Amino acid sequence: MSEVIMDPAQVMEEYNSLWKEQNEIYSAAAKRFGLSDSAMWILYFIRLSGGSCSQRYICSAMLQPKQTTNSAIKQLESRGFVELTCENDRRCRLVKLTPDGEKLAQQSSDHVITAERLAMGDLTSAEQRQFIELLRKYNNNLKERLNIK
């Protein structure tokens, strides 16, 4: 059997379409929970971090401009869902869920985290490994082609 050679441009078009669809899935989930995309992702990363994390970490994880992330954090703070605390370094502020924020996270980001884990669990162990290995290989190839360390 001969291998079917695919056009890399068509593969990238399909990949980009799937990536966009995945973003739309997350956006629809945020909307269903009555949250902005940014607010949902902030709750998500705080939950993955055990209930609090630095503002710097959230900015880095969200891959959004600092201003966008900080604005969303301020909105969550004004609504009583998070509180900002300063530890030793004033530049490294911790974002912590309040009791109301815990409830909101349970009703929103926890569902997203669970759905992700279940969806990944629907793949076989071999498929999970292949998924990660191929994405890692693609990322490494892309970094090499773009001369990014």
# chains A, B, ... in the order shown; residues from 1 in each chain; ligands from 1
$ residues_around --residues "Ser27 of chain A" --least-positions-apart "6" --cutoff "10 Å" --atoms "only C-alpha atoms" --output "list in words"
Glu21, Phe33, Leu35, Ser36, Asp37, Ser38, Met40 and Trp41 of chain A
$ write_last_selection --atoms "N, CA, C and O atoms" --output "PDB file, in the first residue's frame"
ATOM      1  N   GLU A  21     -12.226  26.049  15.781  1.00  0.00           N
ATOM      2  CA  GLU A  21     -13.407  25.377  16.338  1.00  0.00           C
ATOM      3  C   GLU A  21     -13.217  25.117  17.829  1.00  0.00           C
ATOM      4  O   GLU A  21     -14.133  25.313  18.628  1.00  0.00           O
ATOM      5  N   PHE A  33     -21.834  29.897  30.781  1.00  0.00           N
ATOM      6  CA  PHE A  33     -21.667  30.134  32.207  1.00  0.00           C
ATOM      7  C   PHE A  33     -21.830  31.610  32.574  1.00  0.00           C
ATOM      8  O   PHE A  33     -21.666  31.984  33.733  1.00  0.00           O
ATOM      9  N   LEU A  35     -19.933  34.112  31.509  1.00  0.00           N
ATOM     10  CA  LEU A  35     -18.617  34.700  31.713  1.00  0.00           C
ATOM     11  C   LEU A  35     -18.004  35.150  30.396  1.00  0.00           C
ATOM     12  O   LEU A  35     -18.326  34.602  29.337  1.00  0.00           O
ATOM     13  N   SER A  36     -17.114  36.107  30.479  1.00  0.00           N
ATOM     14  CA  SER A  36     -16.297  36.435  29.318  1.00  0.00           C
ATOM     15  C   SER A  36     -15.275  35.312  29.158  1.00  0.00           C
ATOM     16  O   SER A  36     -15.009  34.559  30.095  1.00  0.00           O
ATOM     17  N   ASP A  37     -14.708  35.216  27.983  1.00  0.00           N
ATOM     18  CA  ASP A  37     -13.667  34.209  27.765  1.00  0.00           C
ATOM     19  C   ASP A  37     -12.525  34.404  28.769  1.00  0.00           C
ATOM     20  O   ASP A  37     -12.044  33.443  29.370  1.00  0.00           O
ATOM     21  N   SER A  38     -12.103  35.648  28.941  1.00  0.00           N
ATOM     22  CA  SER A  38     -10.991  35.937  29.848  1.00  0.00           C
ATOM     23  C   SER A  38     -11.310  35.520  31.280  1.00  0.00           C
ATOM     24  O   SER A  38     -10.474  34.912  31.956  1.00  0.00           O
ATOM     25  N   MET A  40     -13.410  33.251  32.305  1.00  0.00           N
ATOM     26  CA  MET A  40     -13.447  31.796  32.411  1.00  0.00           C
ATOM     27  C   MET A  40     -12.033  31.223  32.480  1.00  0.00           C
ATOM     28  O   MET A  40     -11.742  30.353  33.287  1.00  0.00           O
ATOM     29  N   TRP A  41     -11.129  31.754  31.646  1.00  0.00           N
ATOM     30  CA  TRP A  41      -9.757  31.245  31.642  1.00  0.00           C
ATOM     31  C   TRP A  41      -9.034  31.603  32.936  1.00  0.00           C
ATOM     32  O   TRP A  41      -8.224  30.816  33.442  1.00  0.00           O
TER      33      TRP A  41
END
$ closest_atom_pairs --of "segment 31-84 of chain A" --to "segment 94-118 of chain A" --cutoff "7 Å" --atoms "only C-alpha atoms" --output "Markdown table"
| residue | atom | partner | partner_atom | distance |
| --- | --- | --- | --- | --- |
| A:Phe33 | CA | A:Ser108 | CA | 5.8 |
| A:Met40 | CA | A:Ser109 | CA | 6.2 |
| A:Leu43 | CA | A:Ala105 | CA | 5.9 |
| A:Tyr44 | CA | A:Ser109 | CA | 5.0 |
| A:Gly51 | CA | A:Leu97 | CA | 5.9 |
| A:Ser52 | CA | A:Lys96 | CA | 4.2 |
| A:Cys53 | CA | A:Leu94 | CA | 5.3 |
| A:Ser54 | CA | A:Leu94 | CA | 4.2 |
| A:Gln55 | CA | A:Leu94 | CA | 5.9 |
| A:Gly80 | CA | A:Asp100 | CA | 6.8 |
| A:Phe81 | CA | A:Gly101 | CA | 3.8 |
| A:Val82 | CA | A:Leu97 | CA | 4.4 |
| A:Glu83 | CA | A:Lys96 | CA | 5.3 |
| A:Leu84 | CA | A:Val95 | CA | 4.8 |
$ write_last_selection --atoms "N, CA and C atoms" --output "mmCIF file, in the first residue's frame"
data_model
loop_
_atom_site.group_PDB
_atom_site.id
_atom_site.type_symbol
_atom_site.label_atom_id
_atom_site.label_comp_id
_atom_site.auth_asym_id
_atom_site.auth_seq_id
_atom_site.Cartn_x
_atom_site.Cartn_y
_atom_site.Cartn_z
ATOM 1 N N PHE A 33 -21.834 29.897 30.781
ATOM 2 C CA PHE A 33 -21.667 30.134 32.207
ATOM 3 C C PHE A 33 -21.830 31.610 32.574
ATOM 4 N N MET A 40 -13.410 33.251 32.305
ATOM 5 C CA MET A 40 -13.447 31.796 32.411
ATOM 6 C C MET A 40 -12.033 31.223 32.480
ATOM 7 N N LEU A 43 -10.426 31.849 35.933
ATOM 8 C CA LEU A 43 -10.927 30.863 36.900
ATOM 9 C C LEU A 43 -10.299 29.497 36.636
ATOM 10 N N TYR A 44 -10.187 29.135 35.385
ATOM 11 C CA TYR A 44 -9.615 27.855 34.977
ATOM 12 C C TYR A 44 -8.181 27.710 35.499
ATOM 13 N N GLY A 51 -6.340 27.034 43.641
ATOM 14 C CA GLY A 51 -7.140 28.063 44.297
ATOM 15 C C GLY A 51 -6.514 29.442 44.337
ATOM 16 N N SER A 52 -5.216 29.526 44.030
ATOM 17 C CA SER A 52 -4.573 30.842 43.925
ATOM 18 C C SER A 52 -3.320 30.709 43.064
ATOM 19 N N CYS A 53 -2.973 31.802 42.426
ATOM 20 C CA CYS A 53 -1.744 31.841 41.631
ATOM 21 C C CYS A 53 -1.388 33.294 41.377
ATOM 22 N N SER A 54 -0.206 33.518 40.885
ATOM 23 C CA SER A 54 0.234 34.891 40.659
ATOM 24 C C SER A 54 -0.431 35.475 39.416
ATOM 25 N N GLN A 55 -0.571 36.781 39.470
ATOM 26 C CA GLN A 55 -1.107 37.501 38.325
ATOM 27 C C GLN A 55 -0.189 37.285 37.120
ATOM 28 N N GLY A 80 -16.452 40.413 43.428
ATOM 29 C CA GLY A 80 -16.270 39.635 44.640
ATOM 30 C C GLY A 80 -15.884 38.181 44.430
ATOM 31 N N PHE A 81 -15.354 37.850 43.246
ATOM 32 C CA PHE A 81 -15.004 36.463 42.955
ATOM 33 C C PHE A 81 -13.542 36.141 43.226
ATOM 34 N N VAL A 82 -12.688 37.154 43.171
ATOM 35 C CA VAL A 82 -11.271 36.955 43.488
ATOM 36 C C VAL A 82 -10.814 38.094 44.388
ATOM 37 N N GLU A 83 -9.728 37.819 45.084
ATOM 38 C CA GLU A 83 -9.073 38.877 45.840
ATOM 39 C C GLU A 83 -7.597 38.852 45.491
ATOM 40 N N LEU A 84 -7.014 40.039 45.491
ATOM 41 C CA LEU A 84 -5.594 40.170 45.188
ATOM 42 C C LEU A 84 -4.850 40.365 46.498
#
$ select_by_dssp --residues "chain A" --states "alpha helix (DSSP H)" --output "PyMOL selection string"
chain A and resi 8-32+37-48+55-62+66-78+99-107+109-121+125-145
$ select_by_dssp --residues "chain A" --states "strand (DSSP E)" --output "PDB file with N, CA, C and O atoms, in the first residue's frame"
ATOM      1  N   SER A  52      -5.216  29.526  44.030  1.00  0.00           N
ATOM      2  CA  SER A  52      -4.573  30.842  43.925  1.00  0.00           C
ATOM      3  C   SER A  52      -3.320  30.709  43.064  1.00  0.00           C
ATOM      4  O   SER A  52      -2.723  29.642  42.978  1.00  0.00           O
ATOM      5  N   CYS A  53      -2.973  31.802  42.426  1.00  0.00           N
ATOM      6  CA  CYS A  53      -1.744  31.841  41.631  1.00  0.00           C
ATOM      7  C   CYS A  53      -1.388  33.294  41.377  1.00  0.00           C
ATOM      8  O   CYS A  53      -2.191  34.197  41.620  1.00  0.00           O
ATOM      9  N   SER A  54      -0.206  33.518  40.885  1.00  0.00           N
ATOM     10  CA  SER A  54       0.234  34.891  40.659  1.00  0.00           C
ATOM     11  C   SER A  54      -0.431  35.475  39.416  1.00  0.00           C
ATOM     12  O   SER A  54      -0.783  34.755  38.478  1.00  0.00           O
ATOM     13  N   VAL A  82     -12.688  37.154  43.171  1.00  0.00           N
ATOM     14  CA  VAL A  82     -11.271  36.955  43.488  1.00  0.00           C
ATOM     15  C   VAL A  82     -10.814  38.094  44.388  1.00  0.00           C
ATOM     16  O   VAL A  82     -11.419  39.171  44.420  1.00  0.00           O
ATOM     17  N   GLU A  83      -9.728  37.819  45.084  1.00  0.00           N
ATOM     18  CA  GLU A  83      -9.073  38.877  45.840  1.00  0.00           C
ATOM     19  C   GLU A  83      -7.597  38.852  45.491  1.00  0.00           C
ATOM     20  O   GLU A  83      -7.031  37.801  45.196  1.00  0.00           O
ATOM     21  N   LEU A  84      -7.014  40.039  45.491  1.00  0.00           N
ATOM     22  CA  LEU A  84      -5.594  40.170  45.188  1.00  0.00           C
ATOM     23  C   LEU A  84      -4.850  40.365  46.498  1.00  0.00           C
ATOM     24  O   LEU A  84      -5.232  41.203  47.311  1.00  0.00           O
ATOM     25  N   THR A  85      -3.831  39.577  46.688  1.00  0.00           N
ATOM     26  CA  THR A  85      -3.022  39.697  47.894  1.00  0.00           C
ATOM     27  C   THR A  85      -1.577  39.907  47.501  1.00  0.00           C
ATOM     28  O   THR A  85      -1.122  39.384  46.477  1.00  0.00           O
ATOM     29  N   CYS A  86      -0.895  40.664  48.293  1.00  0.00           N
ATOM     30  CA  CYS A  86       0.523  40.906  48.056  1.00  0.00           C
ATOM     31  C   CYS A  86       1.313  40.142  49.092  1.00  0.00           C
ATOM     32  O   CYS A  86       1.095  40.292  50.286  1.00  0.00           O
ATOM     33  N   ARG A  93       1.642  39.744  42.612  1.00  0.00           N
ATOM     34  CA  ARG A  93       0.378  39.699  43.343  1.00  0.00           C
ATOM     35  C   ARG A  93      -0.296  38.355  43.113  1.00  0.00           C
ATOM     36  O   ARG A  93      -0.375  37.871  41.995  1.00  0.00           O
ATOM     37  N   LEU A  94      -0.795  37.808  44.200  1.00  0.00           N
ATOM     38  CA  LEU A  94      -1.522  36.543  44.110  1.00  0.00           C
ATOM     39  C   LEU A  94      -2.999  36.812  43.876  1.00  0.00           C
ATOM     40  O   LEU A  94      -3.573  37.721  44.482  1.00  0.00           O
ATOM     41  N   VAL A  95      -3.584  36.024  43.021  1.00  0.00           N
ATOM     42  CA  VAL A  95      -5.014  36.094  42.749  1.00  0.00           C
ATOM     43  C   VAL A  95      -5.621  34.865  43.400  1.00  0.00           C
ATOM     44  O   VAL A  95      -5.228  33.734  43.088  1.00  0.00           O
ATOM     45  N   LYS A  96      -6.546  35.096  44.316  1.00  0.00           N
ATOM     46  CA  LYS A  96      -7.132  34.003  45.093  1.00  0.00           C
ATOM     47  C   LYS A  96      -8.649  34.050  44.970  1.00  0.00           C
ATOM     48  O   LYS A  96      -9.245  35.123  44.987  1.00  0.00           O
ATOM     49  N   LEU A  97      -9.250  32.867  44.855  1.00  0.00           N
ATOM     50  CA  LEU A  97     -10.705  32.797  44.802  1.00  0.00           C
ATOM     51  C   LEU A  97     -11.299  33.113  46.172  1.00  0.00           C
ATOM     52  O   LEU A  97     -10.802  32.652  47.192  1.00  0.00           O
TER      53      LEU A  97
END
